[in-house]
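Chemist: entry26.cif (mmCIF, C-alpha atoms) pasted underneath:
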data_structure
loop_
_atom_site.label_atom_id
_atom_site.label_comp_id
_atom_site.auth_asym_id
_atom_site.auth_seq_id
_atom_site.Cartn_x
_atom_site.Cartn_y
_atom_site.Cartn_z
CA MET A 145 16.64 -22.80 8.05
CA SER A 146 13.53 -20.67 7.83
CA ARG A 147 10.33 -20.68 5.89
CA TYR A 148 10.26 -18.10 3.13
CA VAL A 149 6.61 -17.28 2.45
CA TYR A 150 5.38 -16.69 -1.09
CA ALA A 151 1.60 -16.56 -0.80
CA LEU A 152 -1.52 -17.56 1.08
CA LEU A 153 -4.00 -19.88 -0.60
CA ALA A 154 -7.35 -21.46 0.16
CA GLU A 155 -6.44 -24.78 -1.43
CA ARG A 156 -3.48 -26.71 -2.79
CA PRO A 157 -2.56 -25.90 -6.37
CA ARG A 158 -3.66 -28.31 -9.07
CA GLY A 159 -0.74 -30.33 -10.38
CA GLU A 160 2.93 -29.83 -9.55
CA ALA A 161 3.73 -27.04 -7.11
CA GLY A 162 7.12 -26.50 -8.69
CA GLU A 163 10.12 -24.81 -7.14
CA GLY A 164 10.84 -21.61 -5.27
CA LEU A 165 13.08 -18.77 -6.32
CA GLN A 166 16.25 -20.58 -5.26
CA SER A 167 15.03 -23.81 -6.81
CA GLU A 168 14.01 -25.09 -3.39
CA PRO A 169 10.95 -27.36 -3.27
CA LEU A 170 7.71 -25.65 -2.29
CA ALA A 171 5.69 -26.83 0.68
CA PHE A 172 2.22 -25.91 1.86
CA LEU A 173 1.71 -25.23 5.55
CA ARG A 174 -1.83 -25.30 6.86
CA VAL A 175 -3.08 -22.77 9.38
CA GLU A 176 -6.72 -23.52 10.07
CA GLY A 177 -8.56 -22.84 6.82
CA LEU A 178 -5.61 -21.37 4.93
CA LEU A 179 -2.47 -22.68 3.28
CA ALA A 180 0.84 -20.84 3.11
CA ALA A 181 3.11 -21.61 0.17
CA VAL A 182 6.63 -21.66 1.56
CA GLY A 183 10.16 -22.60 0.63
CA GLU A 184 12.88 -23.64 3.05
CA LEU A 185 15.70 -21.13 2.73
CA PRO A 186 18.60 -20.21 5.02
CA ALA A 187 17.54 -16.54 4.96
CA ALA A 188 15.47 -14.09 2.97
CA PRO A 189 17.10 -13.48 -0.40
CA PRO A 190 18.73 -10.11 -1.11
CA VAL A 191 16.75 -7.55 -3.06
CA THR A 192 17.98 -7.78 -6.63
CA ARG A 193 16.37 -7.67 -10.03
CA ALA A 194 16.84 -11.41 -10.40
CA THR A 195 15.34 -12.35 -7.03
CA LEU A 196 12.35 -10.04 -7.46
CA LEU A 197 11.57 -11.42 -10.90
CA ALA A 198 12.06 -14.98 -9.69
CA HIS A 199 9.74 -14.41 -6.73
CA ASP A 200 7.11 -12.91 -9.01
CA ALA A 201 7.45 -15.92 -11.34
CA VAL A 202 6.78 -18.31 -8.44
CA VAL A 203 3.70 -16.35 -7.38
CA ARG A 204 2.43 -16.24 -10.97
CA ARG A 205 2.83 -19.97 -11.38
CA LEU A 206 0.94 -20.61 -8.16
CA ALA A 207 -1.74 -18.12 -9.19
CA SER A 208 -2.31 -19.91 -12.47
CA SER A 209 -3.15 -23.16 -10.69
CA VAL A 210 -5.47 -21.88 -7.95
CA ASP A 211 -8.60 -19.81 -8.00
CA ALA A 212 -7.62 -17.39 -5.24
CA ILE A 213 -4.20 -16.29 -4.03
CA LEU A 214 -2.91 -13.60 -1.67
CA PRO A 215 0.68 -12.76 -2.56
CA VAL A 216 2.89 -12.12 0.45
CA GLN A 217 5.37 -9.26 0.59
CA PHE A 218 8.85 -10.08 -0.69
CA GLY A 219 11.33 -10.99 1.98
CA THR A 220 8.86 -12.49 4.43
CA VAL A 221 10.38 -15.21 6.53
CA VAL A 222 8.94 -17.09 9.49
CA ASP A 223 10.88 -19.34 11.85
CA ASP A 224 8.43 -22.19 11.82
CA GLU A 225 4.79 -23.18 11.59
CA ALA A 226 4.08 -21.86 15.06
CA ALA A 227 5.33 -18.39 14.15
CA LEU A 228 3.27 -18.50 10.96
CA ALA A 229 0.15 -19.48 12.91
CA GLU A 230 0.77 -16.66 15.38
CA ALA A 231 0.88 -14.13 12.58
CA ILE A 232 -2.11 -15.46 10.67
CA THR A 233 -4.62 -16.68 13.24
CA PRO A 234 -5.68 -13.27 14.65
CA ARG A 235 -6.46 -12.09 11.10
CA MET A 236 -8.08 -15.22 9.77
CA ALA A 237 -11.45 -13.63 9.04
CA ARG A 238 -9.91 -10.70 7.15
CA LEU A 239 -7.65 -12.98 5.16
CA HIS A 240 -10.57 -15.15 4.16
CA ALA A 241 -12.48 -12.08 3.07
CA ALA A 242 -9.51 -10.91 1.03
CA LEU A 243 -9.19 -14.33 -0.62
CA ALA A 244 -12.87 -14.30 -1.52
CA ARG A 245 -12.46 -10.90 -3.10
CA VAL A 246 -9.56 -11.90 -5.35
CA ALA A 247 -10.97 -15.27 -6.40
CA GLY A 248 -10.87 -15.67 -10.18
CA ARG A 249 -9.36 -12.22 -10.55
CA GLU A 250 -6.12 -10.46 -11.36
CA GLN A 251 -4.68 -6.98 -11.08
CA MET A 252 -4.02 -4.20 -13.53
CA THR A 253 -1.91 -1.23 -12.43
CA LEU A 254 -2.55 2.26 -13.75
CA ARG A 255 -0.16 5.15 -13.32
CA VAL A 256 -1.82 8.53 -13.77
CA PHE A 257 0.39 11.41 -14.91
CA GLY A 258 -0.33 15.07 -15.37
CA GLU A 259 -1.42 17.98 -13.24
CA ALA A 260 -3.41 17.03 -10.20
CA THR A 261 -6.67 18.85 -9.77
CA GLY A 262 -8.07 16.40 -7.24
CA THR A 263 -10.36 18.43 -5.12
CA ASP A 264 -13.91 19.01 -6.06
CA HIS A 265 -14.26 22.78 -6.05
CA ALA A 266 -18.02 22.78 -6.34
CA PRO A 267 -19.37 24.96 -3.54
CA SER A 268 -21.77 22.34 -2.34
CA ILE A 269 -21.70 23.59 1.21
CA ASP A 270 -24.35 25.59 2.96
CA PRO A 271 -22.79 29.02 3.67
CA ALA A 272 -24.64 29.05 6.97
CA LEU A 273 -22.41 26.23 8.24
CA GLY A 274 -19.83 27.03 10.89
CA PRO A 275 -16.08 26.59 10.41
CA GLY A 276 -16.05 23.16 12.05
CA ALA A 277 -18.69 21.72 9.74
CA ARG A 278 -17.01 23.29 6.72
CA TYR A 279 -13.68 21.76 7.74
CA LEU A 280 -15.22 18.32 8.07
CA ASP A 281 -16.91 18.69 4.72
CA ALA A 282 -13.63 19.73 3.10
CA ARG A 283 -11.95 16.65 4.61
CA ARG A 284 -14.76 14.48 3.29
CA ARG A 285 -14.25 15.84 -0.20
CA MET A 286 -10.50 15.38 0.12
CA HIS A 287 -10.98 11.71 0.91
CA GLY A 288 -13.26 11.56 -2.09
CA ALA A 289 -10.48 13.05 -4.20
CA ALA A 290 -8.57 9.88 -3.50
CA ALA A 291 -10.92 8.34 -6.03
CA VAL A 292 -8.94 10.29 -8.64
CA PRO A 293 -11.68 12.34 -10.28
CA GLU A 294 -9.16 13.20 -13.01
CA LEU A 295 -9.86 9.77 -14.49
CA GLY A 296 -13.44 10.72 -15.40
CA PRO A 297 -14.12 9.30 -18.88
CA LEU A 298 -11.79 6.37 -18.34
CA ARG A 299 -13.77 5.18 -15.35
CA GLN A 300 -16.92 4.79 -17.40
CA ALA A 301 -15.09 2.75 -20.00
CA LEU A 302 -13.48 0.54 -17.39
CA ALA A 303 -16.45 0.18 -15.05
CA PRO A 304 -17.84 -3.02 -16.59
CA MET A 305 -14.49 -4.75 -16.00
CA VAL A 306 -13.43 -3.41 -12.63
CA ARG A 307 -14.41 -5.51 -9.61
CA ALA A 308 -12.47 -3.55 -7.03
CA GLU A 309 -10.19 -0.57 -6.90
CA HIS A 310 -7.34 0.56 -4.68
CA VAL A 311 -5.98 4.06 -5.13
CA GLU A 312 -2.83 5.76 -3.92
CA ARG A 313 -2.47 9.44 -4.61
CA HIS A 314 1.07 10.74 -4.93
CA ALA A 315 2.39 14.26 -4.40
CA ARG A 316 5.11 13.64 -6.95
CA PRO A 317 4.49 15.55 -10.19
CA PRO A 318 3.96 14.50 -12.86
CA LEU A 319 2.86 11.32 -11.04
CA VAL A 320 -0.63 12.02 -9.73
CA ALA A 321 -1.81 8.62 -8.58
CA SER A 322 -1.48 4.86 -8.85
CA VAL A 323 -4.75 3.06 -9.40
CA TYR A 324 -4.94 -0.70 -8.93
CA HIS A 325 -7.86 -2.51 -10.49
CA LEU A 326 -9.09 -6.00 -9.82
CA ILE A 327 -10.51 -7.50 -13.01
CA ASP A 328 -11.82 -10.93 -13.94
CA ARG A 329 -9.02 -13.15 -15.22
CA GLY A 330 -8.72 -13.03 -18.96
CA ARG A 331 -10.05 -9.48 -19.32
CA ALA A 332 -6.70 -7.70 -19.52
CA ASP A 333 -6.88 -7.21 -23.28
CA ALA A 334 -10.37 -5.72 -23.08
CA TYR A 335 -9.10 -3.50 -20.28
CA ARG A 336 -6.16 -2.23 -22.33
CA THR A 337 -8.41 -1.67 -25.33
CA ALA A 338 -10.73 0.48 -23.25
CA ILE A 339 -7.77 2.56 -22.12
CA ALA A 340 -6.41 2.96 -25.64
CA GLU A 341 -9.80 4.07 -26.87
CA THR A 342 -10.39 6.57 -24.07
CA ALA A 343 -6.86 7.92 -23.76
CA VAL A 344 -7.45 10.93 -25.96
CA ALA A 345 -10.44 12.03 -23.90
CA LEU A 346 -8.25 12.07 -20.82
CA ALA A 347 -5.85 14.71 -22.13
CA PRO A 348 -3.94 16.44 -20.68
CA MET A 349 -3.80 13.58 -18.16
CA ARG A 350 -1.92 10.49 -19.31
CA VAL A 351 -2.34 6.96 -18.15
CA THR A 352 -0.07 3.95 -18.50
CA ALA A 353 -1.21 0.43 -17.69
CA SER A 354 0.70 -2.68 -16.70
CA GLY A 355 -0.44 -6.19 -15.98
CA PRO A 356 -2.06 -8.52 -15.54
CA TRP A 357 -0.46 -9.23 -12.18
CA PRO A 358 -1.37 -11.52 -9.32
CA PRO A 359 -3.49 -9.43 -6.91
CA TYR A 360 -0.62 -7.90 -4.88
CA ALA A 361 -2.42 -4.63 -4.17
CA PHE A 362 -5.52 -6.37 -2.87
CA ALA A 363 -3.67 -8.50 -0.37
CA ARG A 364 -2.50 -5.73 1.89
CA GLU A 365 -4.86 -4.62 4.60
CA SER A 366 -5.46 -1.01 5.46
CA LEU A 367 -6.83 0.99 8.32
CA SER A 368 -10.08 1.79 6.60
CA MET B 1022 23.43 9.05 22.33
CA ALA B 1023 21.04 7.33 19.98
CA ALA B 1024 17.65 8.58 18.95
CA VAL B 1025 14.53 6.73 19.98
CA GLN B 1026 13.96 4.18 17.32
CA LEU B 1027 10.56 3.03 16.18
CA ARG B 1028 10.83 0.27 13.69
CA ARG B 1029 9.16 -2.87 12.50
CA ARG B 1030 10.91 -6.00 13.54
CA ARG B 1031 11.47 -8.62 10.91
CA ASP B 1032 13.90 -11.42 11.48
CA VAL B 1033 15.42 -11.18 8.03
CA SER B 1034 14.20 -8.38 5.77
CA PRO B 1035 15.39 -6.61 2.67
CA THR B 1036 17.43 -3.65 3.77
CA ALA B 1037 16.43 -0.20 2.64
CA ALA B 1038 19.87 0.27 1.10
CA GLU B 1039 19.52 -2.80 -1.08
CA ALA B 1040 16.02 -1.83 -2.12
CA ARG B 1041 16.98 1.75 -2.90
CA ALA B 1042 19.99 0.72 -4.95
CA MET B 1043 17.75 -1.55 -6.95
CA VAL B 1044 15.11 1.11 -7.51
CA GLU B 1045 17.75 3.56 -8.70
CA THR B 1046 18.75 1.33 -11.59
CA ALA B 1047 15.40 -0.29 -12.29
CA ASP B 1048 13.81 0.06 -15.70
CA ALA B 1049 10.12 0.95 -16.01
CA SER B 1050 8.82 -2.61 -15.92
CA LEU B 1051 10.97 -3.53 -12.94
CA LEU B 1052 9.56 -0.54 -11.06
CA ASP B 1053 6.13 -2.15 -11.30
CA VAL B 1054 7.57 -5.37 -9.91
CA VAL B 1055 9.22 -3.44 -7.06
CA ASP B 1056 5.91 -1.74 -6.28
CA ASN B 1057 4.05 -5.03 -6.17
CA LEU B 1058 6.61 -7.05 -4.24
CA LEU B 1059 7.98 -4.51 -1.79
CA ASN B 1060 5.01 -2.17 -1.28
CA LYS B 1061 2.12 -4.55 -1.52
CA GLY B 1062 1.24 -8.07 -0.54
CA VAL B 1063 0.28 -9.53 2.80
CA VAL B 1064 2.55 -8.37 5.61
CA LEU B 1065 3.02 -11.14 8.15
CA SER B 1066 5.83 -10.08 10.40
CA GLY B 1067 4.40 -6.85 11.65
CA ASP B 1068 5.90 -6.20 14.98
CA VAL B 1069 6.97 -2.84 16.25
CA VAL B 1070 10.04 -2.51 18.38
CA LEU B 1071 10.69 0.52 20.52
CA GLY B 1072 14.33 0.98 21.28
CA LEU B 1073 16.84 3.37 22.72
CA ALA B 1074 20.54 3.61 22.00
CA GLY B 1075 20.34 0.60 19.72
CA VAL B 1076 18.83 -1.58 22.43
CA ASP B 1077 15.43 -3.17 21.81
CA LEU B 1078 13.26 -2.46 24.80
CA ILE B 1079 9.59 -2.88 24.05
CA TYR B 1080 8.14 -5.33 21.60
CA VAL B 1081 4.64 -4.61 20.42
CA ARG B 1082 2.93 -7.49 18.76
CA LEU B 1083 0.86 -5.92 16.00
CA SER B 1084 -1.27 -8.98 15.35
CA VAL B 1085 -2.76 -8.56 18.81
CA LEU B 1086 -3.10 -4.80 18.38
CA LEU B 1087 -4.88 -5.35 15.09
CA CYS B 1088 -7.43 -7.60 16.74
CA ALA B 1089 -8.03 -5.15 19.55
CA ALA B 1090 -8.34 -2.20 17.19
CA ASP B 1091 -10.98 -4.05 15.20
CA ARG B 1092 -13.04 -4.77 18.29
CA ILE B 1093 -12.71 -1.28 19.71
CA VAL B 1094 -13.72 0.37 16.46
CA GLU B 1095 -16.71 -1.90 16.06
CA GLU B 1096 -18.00 -1.35 19.57
CA ARG B 1097 -18.07 2.41 19.14
CA GLY B 1098 -20.05 2.43 15.89
CA GLU B 1099 -23.24 4.40 15.28
CA MET C 1195 -3.20 -15.29 -16.98
CA THR C 1196 -1.02 -14.43 -19.95
CA THR C 1197 2.70 -14.78 -19.54
CA ARG C 1198 4.89 -11.80 -19.94
CA ASP C 1199 7.96 -11.59 -22.13
CA ASP C 1200 11.36 -11.81 -20.47
CA ALA C 1201 11.85 -8.06 -20.46
CA GLY C 1202 9.01 -7.70 -18.03
CA GLY C 1203 6.59 -7.04 -20.82
CA THR C 1204 4.66 -4.05 -19.62
CA ARG C 1205 2.84 -2.50 -22.49
CA PRO C 1206 1.69 0.98 -21.70
CA ALA C 1207 -1.40 2.17 -23.51
CA ARG C 1208 -1.03 5.82 -24.31
CA THR C 1209 -1.45 8.55 -26.88
CA PRO C 1210 1.48 10.94 -27.30
CA ARG C 1211 0.68 14.47 -26.24
CA PRO C 1212 0.77 16.93 -29.16
CA GLY C 1213 3.84 19.14 -29.10
CA VAL C 1214 5.73 16.97 -26.61
CA THR C 1215 7.81 14.05 -27.73
CA ALA C 1216 6.75 10.79 -26.17
CA ALA C 1217 10.31 10.02 -25.09
CA ARG C 1218 10.73 13.14 -22.97
CA ALA C 1219 7.33 12.74 -21.35
CA ASP C 1220 8.18 9.13 -20.49
CA VAL C 1221 11.45 9.98 -18.78
CA ALA C 1222 9.89 12.52 -16.42
CA GLU C 1223 7.09 10.11 -15.67
CA ILE C 1224 9.35 7.15 -15.01
CA GLU C 1225 11.59 9.27 -12.82
CA SER C 1226 8.64 10.46 -10.75
CA LEU C 1227 7.53 6.86 -10.23
CA ARG C 1228 11.09 5.93 -9.33
CA ALA C 1229 11.33 8.77 -6.80
CA GLU C 1230 8.03 7.76 -5.23
CA LEU C 1231 9.11 4.13 -4.90
CA GLU C 1232 12.47 5.14 -3.45
CA ARG C 1233 10.66 7.00 -0.72
CA ARG C 1234 8.35 4.06 -0.06
CA VAL C 1235 11.01 1.39 0.21
CA GLN C 1236 12.77 3.41 2.88
CA ASP C 1237 10.05 2.28 5.24
CA LEU C 1238 11.26 -1.29 4.97
CA ALA C 1239 14.17 -0.82 7.31
CA PRO C 1240 14.75 0.92 10.63
CA PRO C 1241 15.38 4.67 10.56
CA ARG C 1242 19.00 5.78 10.51
CA TRP C 1243 20.81 5.79 13.80
CA THR C 1244 22.13 9.21 14.72
CA ALA C 1245 24.67 10.22 17.35
CA ASP C 1246 23.30 13.72 17.86
CA PRO C 1247 22.02 14.04 21.44
CA GLU C 1248 19.62 16.80 20.38
CA ASP C 1249 17.97 14.33 18.12
CA VAL C 1250 16.51 12.43 21.06
CA GLN C 1251 13.97 15.18 21.62
CA ARG C 1252 13.10 15.33 17.96
CA SER C 1253 12.62 11.61 17.64
CA VAL C 1254 10.50 11.42 20.77
CA ALA C 1255 8.41 14.26 19.38
CA LYS C 1256 8.16 12.41 16.09
CA LEU C 1257 7.03 9.23 17.78
CA VAL C 1258 4.42 10.97 19.90
CA LEU C 1259 3.10 13.15 17.09
CA THR C 1260 2.92 10.20 14.73
CA LEU C 1261 0.81 8.25 17.19
CA VAL C 1262 -1.44 11.27 17.78
CA GLU C 1263 -1.77 11.72 14.01
CA PHE C 1264 -2.68 8.04 13.72
CA LEU C 1265 -5.50 8.54 16.23
CA ARG C 1266 -6.56 11.79 14.58
CA GLN C 1267 -6.95 10.03 11.24
CA LEU C 1268 -8.98 7.25 12.81
CA MET C 1269 -11.27 9.78 14.45
CA GLU C 1270 -11.58 11.87 11.31
CA ARG C 1271 -12.63 8.87 9.26
CA GLN C 1272 -15.22 7.86 11.80
CA ALA C 1273 -16.53 11.44 12.05
CA ILE C 1274 -16.91 11.63 8.28
CA ARG C 1275 -18.68 8.28 8.20
CA ARG C 1276 -21.14 9.45 10.83
CA MET C 1277 -21.60 12.79 9.12
CA GLU C 1278 -22.45 11.00 5.88
CA ALA C 1279 -24.74 8.60 7.68
CA GLN C 1280 -26.33 11.64 9.36
CA THR C 1281 -25.95 10.23 12.83
CA LEU C 1282 -24.39 13.47 14.10
CA THR C 1283 -26.48 16.51 14.99
CA PRO C 1284 -25.47 19.78 13.29
CA GLU C 1285 -24.08 20.94 16.60
CA GLU C 1286 -22.02 17.77 17.02
CA THR C 1287 -20.74 18.08 13.47
CA GLU C 1288 -19.59 21.61 14.15
CA ARG C 1289 -17.92 20.67 17.45
CA VAL C 1290 -16.15 17.61 16.10
CA GLY C 1291 -15.05 19.49 12.98
CA LEU C 1292 -13.58 22.30 15.07
CA ALA C 1293 -11.81 19.85 17.36
CA LEU C 1294 -10.27 17.94 14.45
CA MET C 1295 -9.22 21.20 12.80
CA ARG C 1296 -7.52 22.39 15.98
CA LEU C 1297 -5.90 19.03 16.49
CA GLU C 1298 -4.48 19.12 12.98
CA ASP C 1299 -3.11 22.64 13.58
CA THR C 1300 -1.62 21.65 16.91
CA ILE C 1301 0.16 18.65 15.44
CA ARG C 1302 1.54 20.81 12.66
CA ASP C 1303 2.67 23.56 15.04
CA ILE C 1304 4.39 21.25 17.49
CA GLY C 1305 5.94 19.36 14.59
CA ALA C 1306 7.25 22.59 13.09
CA ARG C 1307 9.05 23.38 16.31
CA PHE C 1308 11.03 20.17 15.84
CA GLY C 1309 11.50 20.59 12.12
CA LEU C 1310 8.93 17.91 11.35
CA ALA C 1311 6.66 18.31 8.35
CA PRO C 1312 3.32 16.45 8.22
CA GLU C 1313 4.83 13.97 5.70
CA ASP C 1314 7.45 13.01 8.29
CA LEU C 1315 4.79 11.65 10.59
CA ASN C 1316 4.59 8.41 8.72
CA LEU C 1317 4.40 4.97 10.15
CA ASP C 1318 4.44 1.64 8.48
CA LEU C 1319 2.47 -0.54 10.82
CA GLY C 1320 2.85 -3.63 8.67
CA PRO C 1321 -0.52 -5.34 8.55
CA LEU C 1322 -2.24 -2.15 9.65
CA GLY C 1323 -0.90 -0.34 6.64
CA ARG C 1324 0.79 3.01 6.29
CA LEU C 1325 -0.44 6.31 7.70
CA ARG C 1326 0.38 8.19 4.48
#
Can the structure in the file be given as structure tokens, please?
Modeler:
Amino acid sequence: MSRYVYALLAERPRGEAGEGLQSEPLAFLRVEGLLAAVGELPAAPPVTRATLLAHDAVVRRLASSVDAILPVQFGTVVDDEAALAEAITPRMARLHAALARVAGREQMTLRVFGEATGTDHAPSIDPALGPGARYLDARRRMHGAAAVPELGPLRQALAPMVRAEHVERHARPPLVASVYHLIDRGRADAYRTAIAETAVALAPMRVTASGPWPPYAFARESLS
Amino acid sequence: MAAVQLRRRRDVSPTAAEARAMVETADASLLDVVDNLLNKGVVLSGDVVLGLAGVDLIYVRLSVLLCAADRIVEERGE
Amino acid sequence: MTTRDDAGGTRPARTPRPGVTAARADVAEIESLRAELERRVQDLAPPRWTADPEDVQRSVAKLVLTLVEFLRQLMERQAIRRMEAQTLTPEETERVGLALMRLEDTIRDIGARFGLAPEDLNLDLGPLGRLR
């Protein structure tokens, strides 16, 4: 038997923990200042519609009874507490920081469709600069393009609600980018309203929103 | 003769075939679930295995590498 | 958090584009998201085993170039940070920029010789994230 890991928490959930996706009882393993919500399963479940939805349901239920939760990627299994500690301990500080960031918050997912323009074509560079400096400046602006400038008017409307943002640009027309927003819990309706009201101004770009979700996109660490 | 394989080692993990099959038939809302559950979330079992001819040879523990990378990057700041 | 309905309950907020039916626009959009996710989930499992002996060279090249690309990206990010913080002299900026540019070209050229496009140099390092 192994431990199938659902999420990392700072504290035990209020009330009943409930069951896992195969109706197994949930347990909470402590690793220093964190708790891992786990279920004892013979192996990671197969990837099916039913198992994915069931896993998400477990994470949602946990999320509703704690302030901060870091969902763990589907299919994560550890042999025992020692293996869990080995994986978590070297990253304890980062995990705590991530938990602090998602406390009291949930995720909305935006998909941005249309024609990518992305780069900022403004010739803001000094023509006297050499090719190396120009290259570096172009790379800087390209990283800035990851902020999806196409979203312009929508950003202003959403700004009061957005606590953090994670962007993934896609080279997959008409899909331009996926934008993940961390908002205060309970603000999803206001968020959707802002999108509905600004949608016309975005044309020809189109945006679809889904959520609220537990903060999946804000749990994964990145190089930067 | 097998190619050099670079892969992440996970004791039991969803296979790409299973995941792909699921994505192929997923409706729009399930795609969002797939994105969240398979592409996001904390990754715990991040070990890289270097292998040849189907034989695992070198096991790189990423948790240690992550720690080291953090320290190295910080030391060489401005 | 509100509960969702049992169909998954995503409610897109959108305005139909004039002249294009909403249904057609949706299909292309959903398919593009599907294609993107298909590509991403491939990273979950080991790459396919091949029996072609010539592939050994290609996969070694891929491994090496991917690691070099990983380092190049780290260096580029740091260089940009320092450029923005103005802790590089103009001469240093020019030199570092040129070096990164040449490194990017070199990686692309060597990759091309093995039939590797820049997108192929991807690596899912688990907790460290993906390169692309």
Chemist: Distance limit 9 Å, atoms considered: only C-alpha atoms. Which chain A residues sit that close to chain C? Return them as a count of residues only.
Modeler: 51
Chemist: Given a cut-off of 6 Å, which residues of chain A touch chain B, counting all atoms listed in the file, written out as a list of chain:residue names?
Modeler: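 So the contacting residues turn out to be A:Ala188, A:Val191, A:Pro215, A:Val216, A:Gln217, A:Phe218, A:Gly219, A:Ala231, A:Tyr360, A:Ala361, A:Ala363, A:Arg364.
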Chemist: If the PyMOL selection byres ((chain A and resi 184) around 12) were run on this exact file, what residues would it hold? Put them as a CSV table (one decimal) with C-alpha atoms, keeping the file's coordinate frame.
Modeler:
chain,number,residue,atom,x,y,z
A,145,MET,CA,16.6,-22.8,8.0
A,146,SER,CA,13.5,-20.7,7.8
A,147,ARG,CA,10.3,-20.7,5.9
A,148,TYR,CA,10.3,-18.1,3.1
A,149,VAL,CA,6.6,-17.3,2.4
A,150,TYR,CA,5.4,-16.7,-1.1
A,163,GLU,CA,10.1,-24.8,-7.1
A,164,GLY,CA,10.8,-21.6,-5.3
A,165,LEU,CA,13.1,-18.8,-6.3
A,166,GLN,CA,16.2,-20.6,-5.3
A,167,SER,CA,15.0,-23.8,-6.8
A,168,GLU,CA,14.0,-25.1,-3.4
A,169,PRO,CA,11.0,-27.4,-3.3
A,170,LEU,CA,7.7,-25.6,-2.3
A,171,ALA,CA,5.7,-26.8,0.7
A,172,PHE,CA,2.2,-25.9,1.9
A,173,LEU,CA,1.7,-25.2,5.6
A,181,ALA,CA,3.1,-21.6,0.2
A,182,VAL,CA,6.6,-21.7,1.6
A,183,GLY,CA,10.2,-22.6,0.6
A,185,LEU,CA,15.7,-21.1,2.7
A,186,PRO,CA,18.6,-20.2,5.0
A,187,ALA,CA,17.5,-16.5,5.0
A,188,ALA,CA,15.5,-14.1,3.0
A,189,PRO,CA,17.1,-13.5,-0.4
A,220,THR,CA,8.9,-12.5,4.4
A,221,VAL,CA,10.4,-15.2,6.5
A,222,VAL,CA,8.9,-17.1,9.5
A,223,ASP,CA,10.9,-19.3,11.8
A,224,ASP,CA,8.4,-22.2,11.8
A,225,GLU,CA,4.8,-23.2,11.6
Chemist: To test your reading of the syntax: which residues would the PyMOL selection byres ((chain A and resi 292) around 12) return for the file shown? Reply as a tab-separated table (two decimals) with C-alpha atoms, keeping the file's coordinate frame.
Modeler:
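What follows is the written file result_29.tsv:
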chain	number	residue	atom	x	y	z
A	254	LEU	CA	-2.55	2.26	-13.75
A	255	ARG	CA	-0.16	5.15	-13.32
A	256	VAL	CA	-1.82	8.53	-13.77
A	257	PHE	CA	0.39	11.41	-14.91
A	258	GLY	CA	-0.33	15.07	-15.37
A	259	GLU	CA	-1.42	17.98	-13.24
A	260	ALA	CA	-3.41	17.03	-10.20
A	261	THR	CA	-6.67	18.85	-9.77
A	262	GLY	CA	-8.07	16.40	-7.24
A	263	THR	CA	-10.36	18.43	-5.12
A	264	ASP	CA	-13.91	19.01	-6.06
A	285	ARG	CA	-14.25	15.84	-0.20
A	286	MET	CA	-10.50	15.38	0.12
A	287	HIS	CA	-10.98	11.71	0.91
A	288	GLY	CA	-13.26	11.56	-2.09
A	289	ALA	CA	-10.48	13.05	-4.20
A	290	ALA	CA	-8.57	9.88	-3.50
A	291	ALA	CA	-10.92	8.34	-6.03
A	293	PRO	CA	-11.68	12.34	-10.28
A	294	GLU	CA	-9.16	13.20	-13.01
A	295	LEU	CA	-9.86	9.77	-14.49
A	296	GLY	CA	-13.44	10.72	-15.40
A	297	PRO	CA	-14.12	9.30	-18.88
A	298	LEU	CA	-11.79	6.37	-18.34
A	299	ARG	CA	-13.77	5.18	-15.35
A	309	GLU	CA	-10.19	-0.57	-6.90
A	310	HIS	CA	-7.34	0.56	-4.68
A	311	VAL	CA	-5.98	4.06	-5.13
A	312	GLU	CA	-2.83	5.76	-3.92
A	313	ARG	CA	-2.47	9.44	-4.61
A	314	HIS	CA	1.07	10.74	-4.93
A	320	VAL	CA	-0.63	12.02	-9.73
A	321	ALA	CA	-1.81	8.62	-8.58
A	322	SER	CA	-1.48	4.86	-8.85
A	323	VAL	CA	-4.75	3.06	-9.40
A	324	TYR	CA	-4.94	-0.70	-8.93
A	349	MET	CA	-3.80	13.58	-18.16
Chemist: Quote the spacing between atom CA of A:Ala226 and atom CA of A:Leu179 in Å to one decimal place.
Modeler: 13.5 Å
Chemist: What does the structure give for the distance between atom CA of A:Met305 and atom CA of A:Ser209, in Å to one decimal?
Modeler: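 Going from atom CA of A:Met305 over to atom CA of A:Ser209, I get 22.3 Å.
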Chemist: What are the centre and the three edge lengths of an axis-aligned box that wraps all atoms of stretch 276-281 of chain A in the file, given that 6 Å is added to every side, written as JSON and rounded to one decimal in Å?
Modeler:
{"center_x": -16.2, "center_y": 20.8, "center_z": 8.4, "size_x": 17.0, "size_y": 17.0, "size_z": 19.3}
Chemist: Record the distance separating atom CA of C:Ile1301 and atom CA of A:Ala282, expressed in Å with one decimal.
Modeler: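 Between atom CA of C:Ile1301 and atom CA of A:Ala282 the gap works out to 18.5 Å.
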Chemist: Report the residues retrieved by the PyMOL selection byres ((chain A and resi 247) around 10) from the displayed file, expressed as a short mmCIF file (atom, residue, chain, number, x, y, z; two decimals) with C-alpha atoms, in the frame of the given file.
Modeler:
data_model
loop_
_atom_site.label_atom_id
_atom_site.label_comp_id
_atom_site.auth_asym_id
_atom_site.auth_seq_id
_atom_site.Cartn_x
_atom_site.Cartn_y
_atom_site.Cartn_z
CA ALA A 154 -7.35 -21.46 0.16
CA VAL A 210 -5.47 -21.88 -7.95
CA ASP A 211 -8.60 -19.81 -8.00
CA ALA A 212 -7.62 -17.39 -5.24
CA ILE A 213 -4.20 -16.29 -4.03
CA LEU A 214 -2.91 -13.60 -1.67
CA ALA A 242 -9.51 -10.91 1.03
CA LEU A 243 -9.19 -14.33 -0.62
CA ALA A 244 -12.87 -14.30 -1.52
CA ARG A 245 -12.46 -10.90 -3.10
CA VAL A 246 -9.56 -11.90 -5.35
CA GLY A 248 -10.87 -15.67 -10.18
CA ARG A 249 -9.36 -12.22 -10.55
CA GLU A 250 -6.12 -10.46 -11.36
CA ASP A 328 -11.82 -10.93 -13.94
CA ARG A 329 -9.02 -13.15 -15.22
CA PRO A 359 -3.49 -9.43 -6.91
#
